[in-house]
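*Asks:* What follows is a single structure, and I will ask about it in a moment.
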Number of protein chains: 2
Amino acid sequence: MGAEQTDLRALPEPGRRERKKAATRAALAAAALRLCSERGPEHVTIEQIADVADVAPRTFFNYFASKEEAVVAGDGASAITLVEAFVARPGDEPVIESLRHALRAVVSEPGYRDRVLRMRTLRGHPTLVAHQLAAFMARERALAEAIAVRTGSDPARDLYPALVASATIAGMRVAVQHWLGDHGTDPRDPDLEELVDEVMALFDTGLRAVART
Amino acid sequence: MGAEQTDLRALPEPGRRERKKAATRAALAAAALRLCSERGPEHVTIEQIADVADVAPRTFFNYFASKEEAVVAGDGASAITLVEAFVARPGDEPVIESLRHALRAVVSEPGYRDRVLRMRTLRGHPTLVAHQLAAFMARERALAEAIAVRTGSDPARDLYPALVASATIAGMRVAVQHWLGDHGTDPRDPDLEELVDEVMALFDTGLRAVART
DNA sequence: GGCAAACTTGCAGTCCGTGCACGTTCTTCG
DNA sequence: CGAAGAACGTGCACGGACTGCAAGTTTGCC
């Protein structure tokens with residue numbers, strides 16, 4: 001259950017053209033993330049990003065609609081991984097448990113921690129945070145539908161699938177922010193996987209009980 | 001100057017200058033929302049918005065950093081209302097119950113439903129959705145801290161406050177989207193207040209149990 | 001080899017967003 | 001009451017973002 005890629009039917013032909021496109025896209029995303037995290041998004045131009053990726057400035061817009069979109073491209077991939085990891089879990093497993101495993105799969109992806117640490121610099125840039133949220137939101141619907149299929153719910157009258165999907169993604173954000181020390185350094189120094197477990201345990205048993213330290 | 005927060009209601013003594021500023025800000029926000037919902041955000045220019053609000057185009061940027069920010073100004077105000085309504089609840093009330101009341105206060109605000117219905121047209125515009133999320137996120141931290149104060153938790157080691165804050169806002173989004181019929185029309189035809197209650201009840205008792213139709 | 005589709009690139013144009021300067025309006029305090 | 005001074009509105013100018021169009025180039029497939 002490694003890092004399956006975006007393409008749903010990538011079986012027959014990777015093809016040279018598709019490979020080059022993916023490489024260009026990755027190069028642009030990497031360049032955008034690196035430059036923006038180094039010198040701040042407002043001091044990075046499309047021309048510089050395209051230059052690092054070794055393409056023409058005009059080509060950038062063949063892949064991304066804006067600088068922000070390129071920076072958060074990695075989060076979009078993680079969101080896809082989340083949904084795929086969920087549907088790959090056994091169908092008789094409790095939903096929350098499947099989601100816990102799916103979240104662990106995401107945060108355990110190679111390069112995930114590096115990306116999050118890079119993004120750390122970019123907190124406080126509302127525009128980037130906004131697009132980051134949007135990258136996950138784009139797959140929230142897909143996750144909700146997968147959950148509805150699993151539980152046999154009717155999304156038209158049951159709030160459960162959409163709510164669990166949104167809550168899971170929100171929980172992931174909370175775990176990552178805690179891991180980054182957004183509210184001060186946790187003396188327990190937990191790892192991301194443990195934090196994900198904590199979050200899902202709280203959702204599982206309900207938010208009524210206040211966990212006292 | 002984007003750091004300045006929305007304050008559409010002035011408490012003590014506004015003064016003429018403050019009143020005019022608030023009026024201009026409201027006019028710009030209203031114009032932006034109306035024009036964008038009518039003809040689509042991509043076909044609306046800053047100049048047109050400023051024209052409707054009867055100010056110079058340059059003045060627009062004294063109030064909002066971008067078109068999107070103006071459109072979602074109302075959501076920013078709602079986010080402020082949410083936090084204020086929470087802290088106004090009695091301190092011995094269970095957190096989830098206080099949040100339920102706070103959410104009801106938000107969705108019951110005059111003009112809230114009108115705004116949501118206008119926003120309905122703007123789903124599918126990722127940029128706007130992103131800024132909408134950002135508008136709420138901007139106050140998520142404040143809500144988490146208010147919750148931490150209420151429960152006496154230490155945010156450095158306890159995930160509860162941040163998690164409940166994020167989940168509440170996510171739940172509000174789910175309730176609104178369901179109310180708008182994003183997943184098909186609910187034959188129960190519940191009102192927004194009922195949906196908010198449903199969401200918070202699910203959070204309260206835990207997401208383990210699957211509510212069968 | 002040759003054709004068609006897809007991709008890259010340059011060009012031109014519109015709009016966004018900001019720093020700066022100047023005139024006007026409001027507030028404050030003597 | 002009236003002037004100093006801050007705050008606001010506005011025009012100007014400039015760099016950057018983004019798009020449509022029309023090439024030129026590469027790739028996939030006979």
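Just so we're on the same page: first chain in the structure tokens is A, next is B, and so on; residues restart at 1 for each chain, and ligands are numbered from 1 in the order they show up.
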Report as JSON lines the residues of chain A within 9 Å of chain B, each with its shortest atom pair and distance in Å (one decimal), using only C-alpha atoms, ordered by chain and increasing residue number.
*Replies:*
{"residue": "A:Pro94", "atom": "CA", "partner": "B:Arg208", "partner_atom": "CA", "distance": 7.5}
{"residue": "A:Val95", "atom": "CA", "partner": "B:Arg208", "partner_atom": "CA", "distance": 7.5}
{"residue": "A:Ile96", "atom": "CA", "partner": "B:Arg208", "partner_atom": "CA", "distance": 6.5}
{"residue": "A:Pro126", "atom": "CA", "partner": "B:Ala134", "partner_atom": "CA", "distance": 6.6}
{"residue": "A:Thr127", "atom": "CA", "partner": "B:His131", "partner_atom": "CA", "distance": 7.3}
{"residue": "A:Val129", "atom": "CA", "partner": "B:Ala134", "partner_atom": "CA", "distance": 7.0}
{"residue": "A:Ala130", "atom": "CA", "partner": "B:Ala130", "partner_atom": "CA", "distance": 4.7}
{"residue": "A:His131", "atom": "CA", "partner": "B:Ala130", "partner_atom": "CA", "distance": 5.5}
{"residue": "A:Gln132", "atom": "CA", "partner": "B:Ala130", "partner_atom": "CA", "distance": 8.0}
{"residue": "A:Leu133", "atom": "CA", "partner": "B:Ala130", "partner_atom": "CA", "distance": 6.6}
{"residue": "A:Ala134", "atom": "CA", "partner": "B:Ala130", "partner_atom": "CA", "distance": 5.0}
{"residue": "A:Ala135", "atom": "CA", "partner": "B:Ala130", "partner_atom": "CA", "distance": 8.6}
{"residue": "A:Met137", "atom": "CA", "partner": "B:Ala130", "partner_atom": "CA", "distance": 8.7}
{"residue": "A:Ala138", "atom": "CA", "partner": "B:Pro126", "partner_atom": "CA", "distance": 8.4}
{"residue": "A:Thr151", "atom": "CA", "partner": "B:Val210", "partner_atom": "CA", "distance": 7.1}
{"residue": "A:Gly152", "atom": "CA", "partner": "B:Arg212", "partner_atom": "CA", "distance": 7.8}
{"residue": "A:Ser153", "atom": "CA", "partner": "B:Arg212", "partner_atom": "CA", "distance": 6.4}
{"residue": "A:Asp154", "atom": "CA", "partner": "B:Thr213", "partner_atom": "CA", "distance": 7.0}
{"residue": "A:Pro155", "atom": "CA", "partner": "B:His183", "partner_atom": "CA", "distance": 5.8}
{"residue": "A:Ala156", "atom": "CA", "partner": "B:Asp186", "partner_atom": "CA", "distance": 4.9}
{"residue": "A:Arg157", "atom": "CA", "partner": "B:Asp186", "partner_atom": "CA", "distance": 4.9}
{"residue": "A:Asp158", "atom": "CA", "partner": "B:Thr213", "partner_atom": "CA", "distance": 7.0}
{"residue": "A:Leu159", "atom": "CA", "partner": "B:Val199", "partner_atom": "CA", "distance": 7.3}
{"residue": "A:Tyr160", "atom": "CA", "partner": "B:Ala211", "partner_atom": "CA", "distance": 7.0}
{"residue": "A:Ala162", "atom": "CA", "partner": "B:Val174", "partner_atom": "CA", "distance": 6.4}
{"residue": "A:Leu163", "atom": "CA", "partner": "B:Val174", "partner_atom": "CA", "distance": 6.0}
{"residue": "A:Val164", "atom": "CA", "partner": "B:Leu207", "partner_atom": "CA", "distance": 7.1}
{"residue": "A:Ser166", "atom": "CA", "partner": "B:Ala170", "partner_atom": "CA", "distance": 5.8}
{"residue": "A:Ala167", "atom": "CA", "partner": "B:Ala167", "partner_atom": "CA", "distance": 5.4}
{"residue": "A:Thr168", "atom": "CA", "partner": "B:Ala167", "partner_atom": "CA", "distance": 8.6}
{"residue": "A:Ala170", "atom": "CA", "partner": "B:Ser166", "partner_atom": "CA", "distance": 5.8}
{"residue": "A:Gly171", "atom": "CA", "partner": "B:Leu163", "partner_atom": "CA", "distance": 6.2}
{"residue": "A:Arg173", "atom": "CA", "partner": "B:Ser166", "partner_atom": "CA", "distance": 8.6}
{"residue": "A:Val174", "atom": "CA", "partner": "B:Leu163", "partner_atom": "CA", "distance": 6.1}
{"residue": "A:Ala175", "atom": "CA", "partner": "B:Leu159", "partner_atom": "CA", "distance": 7.7}
{"residue": "A:His178", "atom": "CA", "partner": "B:Leu159", "partner_atom": "CA", "distance": 7.5}
{"residue": "A:Gly181", "atom": "CA", "partner": "B:Ala156", "partner_atom": "CA", "distance": 7.5}
{"residue": "A:Asp182", "atom": "CA", "partner": "B:Ala156", "partner_atom": "CA", "distance": 8.2}
{"residue": "A:His183", "atom": "CA", "partner": "B:Ala156", "partner_atom": "CA", "distance": 5.1}
{"residue": "A:Gly184", "atom": "CA", "partner": "B:Ala156", "partner_atom": "CA", "distance": 5.0}
{"residue": "A:Thr185", "atom": "CA", "partner": "B:Ala156", "partner_atom": "CA", "distance": 5.8}
{"residue": "A:Asp186", "atom": "CA", "partner": "B:Arg157", "partner_atom": "CA", "distance": 4.9}
{"residue": "A:Pro187", "atom": "CA", "partner": "B:Arg157", "partner_atom": "CA", "distance": 6.9}
{"residue": "A:Arg188", "atom": "CA", "partner": "B:Arg157", "partner_atom": "CA", "distance": 7.1}
{"residue": "A:Asp189", "atom": "CA", "partner": "B:Arg157", "partner_atom": "CA", "distance": 8.7}
{"residue": "A:Leu195", "atom": "CA", "partner": "B:Leu159", "partner_atom": "CA", "distance": 8.3}
{"residue": "A:Glu198", "atom": "CA", "partner": "B:Leu159", "partner_atom": "CA", "distance": 7.9}
{"residue": "A:Val199", "atom": "CA", "partner": "B:Leu159", "partner_atom": "CA", "distance": 7.3}
{"residue": "A:Leu202", "atom": "CA", "partner": "B:Gly206", "partner_atom": "CA", "distance": 7.8}
{"residue": "A:Phe203", "atom": "CA", "partner": "B:Gly206", "partner_atom": "CA", "distance": 5.6}
{"residue": "A:Asp204", "atom": "CA", "partner": "B:Arg208", "partner_atom": "CA", "distance": 5.0}
{"residue": "A:Thr205", "atom": "CA", "partner": "B:Gly206", "partner_atom": "CA", "distance": 4.7}
{"residue": "A:Gly206", "atom": "CA", "partner": "B:Gly206", "partner_atom": "CA", "distance": 3.3}
{"residue": "A:Leu207", "atom": "CA", "partner": "B:Asp204", "partner_atom": "CA", "distance": 5.1}
{"residue": "A:Arg208", "atom": "CA", "partner": "B:Asp204", "partner_atom": "CA", "distance": 4.9}
{"residue": "A:Ala209", "atom": "CA", "partner": "B:Asp204", "partner_atom": "CA", "distance": 8.4}
{"residue": "A:Val210", "atom": "CA", "partner": "B:Tyr160", "partner_atom": "CA", "distance": 7.2}
{"residue": "A:Ala211", "atom": "CA", "partner": "B:Tyr160", "partner_atom": "CA", "distance": 7.0}
{"residue": "A:Arg212", "atom": "CA", "partner": "B:Ser153", "partner_atom": "CA", "distance": 6.8}
{"residue": "A:Thr213", "atom": "CA", "partner": "B:Asp158", "partner_atom": "CA", "distance": 7.0}
*Asks:* Only residues of chain B matter here; which ones have an atom within 9 Å of chain C, counting only C-alpha atoms (C1' of nucleotides)? Give them as a compact mmCIF listing (two decimals) with N, CA and C atoms, in the first residue's frame.
*Replies:*
# COMPACT_ATOMS: atom_id res chain seq x y z
N ARG B 16 -17.99 59.83 13.59
CA ARG B 16 -18.37 59.93 12.18
C ARG B 16 -17.40 59.19 11.27
N ARG B 17 -16.12 59.34 11.54
CA ARG B 17 -15.11 58.71 10.68
C ARG B 17 -15.26 57.19 10.69
N THR B 45 -14.55 42.97 -12.14
CA THR B 45 -13.27 43.65 -11.88
C THR B 45 -13.40 44.53 -10.65
N ILE B 46 -12.24 44.83 -10.08
CA ILE B 46 -12.21 45.71 -8.92
C ILE B 46 -12.88 47.03 -9.26
N PHE B 61 -8.55 48.93 -2.24
CA PHE B 61 -7.41 48.24 -1.63
C PHE B 61 -7.05 48.81 -0.27
N ALA B 65 -7.50 43.26 0.50
CA ALA B 65 -6.29 43.01 -0.27
C ALA B 65 -6.62 42.39 -1.62
N SER B 66 -7.80 41.86 -1.76
CA SER B 66 -8.16 41.22 -3.02
C SER B 66 -9.67 41.12 -3.13
*Asks:* Pick out the chain A residues within 12 Å of chain D. Count only C-alpha atoms (C1' of nucleotides). Give them as a VMD selection string.
*Replies:* chain A and resid 13 15 to 21 42 to 48 57 to 62 64 to 68
*Asks:* Any chance you can output those residues with C-alpha atoms as a PDB file, in the first residue's frame?
*Replies:*
ATOM      1  CA  GLU A  13       1.353   2.861 -20.713  1.00  0.00           C
ATOM      2  CA  GLY A  15       4.599   6.520 -21.962  1.00  0.00           C
ATOM      3  CA  ARG A  16       7.425   8.944 -22.481  1.00  0.00           C
ATOM      4  CA  ARG A  17       5.136  11.933 -22.816  1.00  0.00           C
ATOM      5  CA  GLU A  18       3.300  11.271 -19.585  1.00  0.00           C
ATOM      6  CA  ARG A  19       6.569  10.742 -17.779  1.00  0.00           C
ATOM      7  CA  LYS A  20       7.947  14.047 -18.971  1.00  0.00           C
ATOM      8  CA  LYS A  21       4.790  15.856 -17.975  1.00  0.00           C
ATOM      9  CA  GLU A  42       5.950  37.488  -1.955  1.00  0.00           C
ATOM     10  CA  HIS A  43       9.551  37.623  -3.097  1.00  0.00           C
ATOM     11  CA  VAL A  44       9.207  34.798  -5.594  1.00  0.00           C
ATOM     12  CA  THR A  45       8.052  35.383  -9.156  1.00  0.00           C
ATOM     13  CA  ILE A  46       6.668  32.885 -11.626  1.00  0.00           C
ATOM     14  CA  GLU A  47       9.651  33.598 -13.810  1.00  0.00           C
ATOM     15  CA  GLN A  48      12.047  32.468 -11.083  1.00  0.00           C
ATOM     16  CA  PRO A  57       7.387  31.172 -17.768  1.00  0.00           C
ATOM     17  CA  ARG A  58       4.401  30.592 -20.002  1.00  0.00           C
ATOM     18  CA  THR A  59       4.678  26.843 -19.474  1.00  0.00           C
ATOM     19  CA  PHE A  60       4.144  27.244 -15.753  1.00  0.00           C
ATOM     20  CA  PHE A  61       0.519  28.111 -16.399  1.00  0.00           C
ATOM     21  CA  ASN A  62       0.024  24.954 -18.396  1.00  0.00           C
ATOM     22  CA  PHE A  64      -0.761  25.422 -12.339  1.00  0.00           C
ATOM     23  CA  ALA A  65      -3.169  28.312 -12.298  1.00  0.00           C
ATOM     24  CA  SER A  66      -1.155  30.237  -9.731  1.00  0.00           C
ATOM     25  CA  LYS A  67       1.937  30.232  -7.586  1.00  0.00           C
ATOM     26  CA  GLU A  68      -0.046  29.064  -4.578  1.00  0.00           C
TER      27      GLU A  68
END
*Asks:* Rounded to one decimal place, report the CA of Ala79 in chain A-CA of Gly91 in chain A distance in Å.
*Replies:*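 Those two atoms sit 20.3 Å apart.
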*Asks:* Can you work out the spacing between CA of Val83 in chain A and CA of Arg150 in chain A in Å, to one decimal?
*Replies:*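 Atom-to-atom, CA of Val83 in chain A and CA of Arg150 in chain A are spaced 12.5 Å apart.
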*Asks:* If you run DSSP on the backbone here, which positions in range 91-189 of chain A get helix (DSSP H, G or I)? Please write them as an MDAnalysis selection string.
*Replies:* chainID A and resid 95:107 112:120 126:151 160:179
*Asks:* So the first atom is CA of His125 in chain A and the second is CA of Val71 in chain B; what is the distance between them in Å, to one decimal place?
*Replies:*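 For CA of His125 in chain A relative to CA of Val71 in chain B, the distance reads 18.9 Å.
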